[in-house]
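Since the structure comes first, as structure tokens, the remarks are kept for the end.
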Amino acid sequence: MSDDCIFCSIVAGDIPGRVVHETETTLAFLDVNPLARGHTLVIPKAHHARLDDLPADVASDLFAAVHELTPRVEAAVDADATTVGINDGEAAGQEVPHVHVHLVPRFDGDGGGP
Ligand code: 5GP
Ligand code: ZN
């Protein structure tokens, strides 16, 4: 837990998050500023800033959650596909320094990705 991390605060329940899935080591919740209906963020509960900081078992749990959730989110919003993405590092557009995977539902003809 990092005191000034917004995603750690969601994990701790100190600020609200619209949680859609939870395991012992991961949490998934709706993005507050969605790029598309159903835009979901999947995170490890433990604070790690970069992908390379994740222990292998945490990375594995994170991908398992992504694997399980992608078709479920897609079905929930009746999407045609999903863009699965990680902005890993500030220069890549990472604004929240707690590893997170974006699941962005995509719709036929929606005109380009994030
Ligand atoms: P990044 O640019 O770091 O890859 O993406 C950060 C994402 O976190 C953005 O899509 C942004 O909308 C989302 N976000 C930032 N603050 C909050 C918050 O307090 N709650 C939720 N649910 N999402 C947030
Ligand atoms: Zn954090």
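Letters for chains follow the order of the structure tokens (A, B, ...), residue numbers begin at 1 for each chain, and ligand numbers begin at 1 in the order shown.
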
Tell me, counting only C-alpha atoms and all ligand atoms, for each residue of chain A within 9 Å of ligand 2, which pair of atoms is nearest and how far apart they are in Å to one decimal, in rows ordered by chain and increasing number, as a tab-separated table.
residue	atom	partner	partner_atom_place_in_ligand_line	distance
A:Met1	CA	ligand 2	1 (Zn)	5.8
A:Ser2	CA	ligand 2	1 (Zn)	5.2
A:Asp3	CA	ligand 2	1 (Zn)	7.8
A:Asp4	CA	ligand 2	1 (Zn)	7.7
A:Cys5	CA	ligand 2	1 (Zn)	4.5
A:Ile6	CA	ligand 2	1 (Zn)	6.5
A:Phe7	CA	ligand 2	1 (Zn)	5.0
A:Cys8	CA	ligand 2	1 (Zn)	4.0
A:Ser9	CA	ligand 2	1 (Zn)	7.4
A:Ile10	CA	ligand 2	1 (Zn)	8.8
A:Val11	CA	ligand 2	1 (Zn)	8.3
A:Pro44	CA	ligand 2	1 (Zn)	8.7
A:Lys45	CA	ligand 2	1 (Zn)	7.7
A:Ala46	CA	ligand 2	1 (Zn)	6.7
A:His47	CA	ligand 2	1 (Zn)	4.0
A:His48	CA	ligand 2	1 (Zn)	6.5
A:Ala49	CA	ligand 2	1 (Zn)	7.3
A:Val96	CA	ligand 2	1 (Zn)	8.2
A:Pro97	CA	ligand 2	1 (Zn)	6.9
A:His98	CA	ligand 2	1 (Zn)	4.6
A:Val99	CA	ligand 2	1 (Zn)	7.9

Pull C-alpha atoms from the residues just selected and write them as a PDB file, in the first residue's frame.
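The new file result-v1.pdb reads:
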ATOM      1  CA  MET A   1       0.000   0.000   0.000  1.00  0.00           C
ATOM      2  CA  SER A   2       1.254   3.423  -0.963  1.00  0.00           C
ATOM      3  CA  ASP A   3      -0.335   6.251   1.036  1.00  0.00           C
ATOM      4  CA  ASP A   4      -0.736   8.678  -1.832  1.00  0.00           C
ATOM      5  CA  CYS A   5      -1.835   6.158  -4.473  1.00  0.00           C
ATOM      6  CA  ILE A   6      -5.416   6.483  -5.699  1.00  0.00           C
ATOM      7  CA  PHE A   7      -5.657   2.807  -6.698  1.00  0.00           C
ATOM      8  CA  CYS A   8      -4.332   1.665  -3.304  1.00  0.00           C
ATOM      9  CA  SER A   9      -7.069   3.828  -1.761  1.00  0.00           C
ATOM     10  CA  ILE A  10      -9.682   2.015  -3.871  1.00  0.00           C
ATOM     11  CA  VAL A  11      -8.240  -1.360  -2.774  1.00  0.00           C
ATOM     12  CA  PRO A  44      -2.840  -6.115  -8.558  1.00  0.00           C
ATOM     13  CA  LYS A  45      -3.953  -5.241  -5.021  1.00  0.00           C
ATOM     14  CA  ALA A  46      -0.339  -4.758  -3.994  1.00  0.00           C
ATOM     15  CA  HIS A  47       1.287  -1.497  -5.001  1.00  0.00           C
ATOM     16  CA  HIS A  48       3.778  -1.891  -7.846  1.00  0.00           C
ATOM     17  CA  ALA A  49       4.506   1.032 -10.142  1.00  0.00           C
ATOM     18  CA  VAL A  96      -1.418   6.408 -12.178  1.00  0.00           C
ATOM     19  CA  PRO A  97       1.816   4.785 -10.969  1.00  0.00           C
ATOM     20  CA  HIS A  98       0.151   1.545  -9.871  1.00  0.00           C
ATOM     21  CA  VAL A  99       0.168  -1.161 -12.569  1.00  0.00           C
TER      22      VAL A  99
END

Can you check which parts of chain A lie within 10 Å of ligand 1? Per residue, the shortest pair of atoms and distance in Å to one decimal, counting only C-alpha atoms and all ligand atoms, sorted by chain and number, as a tab-separated table.
residue	atom	partner	partner_atom_place_in_ligand_line	distance
A:Cys5	CA	ligand 1	19 (O)	9.5
A:Ile6	CA	ligand 1	19 (O)	5.8
A:Phe7	CA	ligand 1	19 (O)	6.9
A:Ser9	CA	ligand 1	19 (O)	8.7
A:Ile10	CA	ligand 1	20 (N)	7.5
A:Ile15	CA	ligand 1	19 (O)	7.7
A:Pro16	CA	ligand 1	20 (N)	7.7
A:Gly17	CA	ligand 1	22 (N)	5.5
A:Arg18	CA	ligand 1	22 (N)	6.8
A:Val19	CA	ligand 1	22 (N)	8.6
A:Ala28	CA	ligand 1	22 (N)	9.2
A:Phe29	CA	ligand 1	22 (N)	6.2
A:Leu30	CA	ligand 1	22 (N)	5.3
A:Asp31	CA	ligand 1	22 (N)	4.0
A:Val32	CA	ligand 1	22 (N)	4.0
A:Asn33	CA	ligand 1	12 (O)	4.0
A:Pro34	CA	ligand 1	12 (O)	6.2
A:Leu35	CA	ligand 1	10 (O)	7.4
A:His39	CA	ligand 1	10 (O)	8.3
A:Thr40	CA	ligand 1	22 (N)	8.2
A:Leu41	CA	ligand 1	8 (O)	7.4
A:Gly85	CA	ligand 1	4 (O)	8.2
A:Ile86	CA	ligand 1	4 (O)	6.3
A:Asn87	CA	ligand 1	4 (O)	4.7
A:Asp88	CA	ligand 1	4 (O)	7.5
A:Gly89	CA	ligand 1	3 (O)	8.4
A:Glu90	CA	ligand 1	3 (O)	8.0
A:Ala92	CA	ligand 1	4 (O)	8.2
A:Gly93	CA	ligand 1	2 (O)	5.1
A:Gln94	CA	ligand 1	3 (O)	3.6
A:Glu95	CA	ligand 1	3 (O)	3.5
A:Val96	CA	ligand 1	3 (O)	4.1
A:Pro97	CA	ligand 1	3 (O)	6.7
A:His98	CA	ligand 1	3 (O)	7.9
A:Val99	CA	ligand 1	3 (O)	8.1
A:His100	CA	ligand 1	4 (O)	6.9
A:Val101	CA	ligand 1	4 (O)	7.7
A:His102	CA	ligand 1	4 (O)	7.2
A:Val104	CA	ligand 1	10 (O)	9.8

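Our summary of the geometry notes that atom CA of Pro71 of chain A is positioned 22.6 Å from atom CA of Asp57 of chain A.
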
Just the residues within 12 Å of Ala75 of chain A, please, counting only C-alpha atoms, with nothing from its chain fewer than 4 positions along; format it as a list in words. Arg37, Gly38, Glu68, Leu69, Thr70, Pro71, Ala79, Asp80, Ala81, Thr82, Pro105, Arg106 and Phe107 of chain A

Using DSSP on the backbone coordinates, identify all residues within chain A classified as helix (DSSP H, G or I); present the result as a VMD selection string. chain A and resid 6 to 12 51 to 53 56 to 76 90 to 92

For Glu24 of chain A, the closest of A:Val84, A:Leu103, A:Val58, A:Ala91 counting only C-alpha atoms is A:Val58

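Take atom CA of Asp14 of chain A and atom CA of Val42 of chain A: the distance between them is 17.9 Å.
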
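Atom CA of Asp61 of chain A is found 7.1 Å from atom CA of Thr26 of chain A.
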
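Nearest to Ala59 of chain A of all the residues A:Asp78, A:Arg72, A:Thr83, A:Thr25 is A:Thr25, based on only C-alpha atoms.
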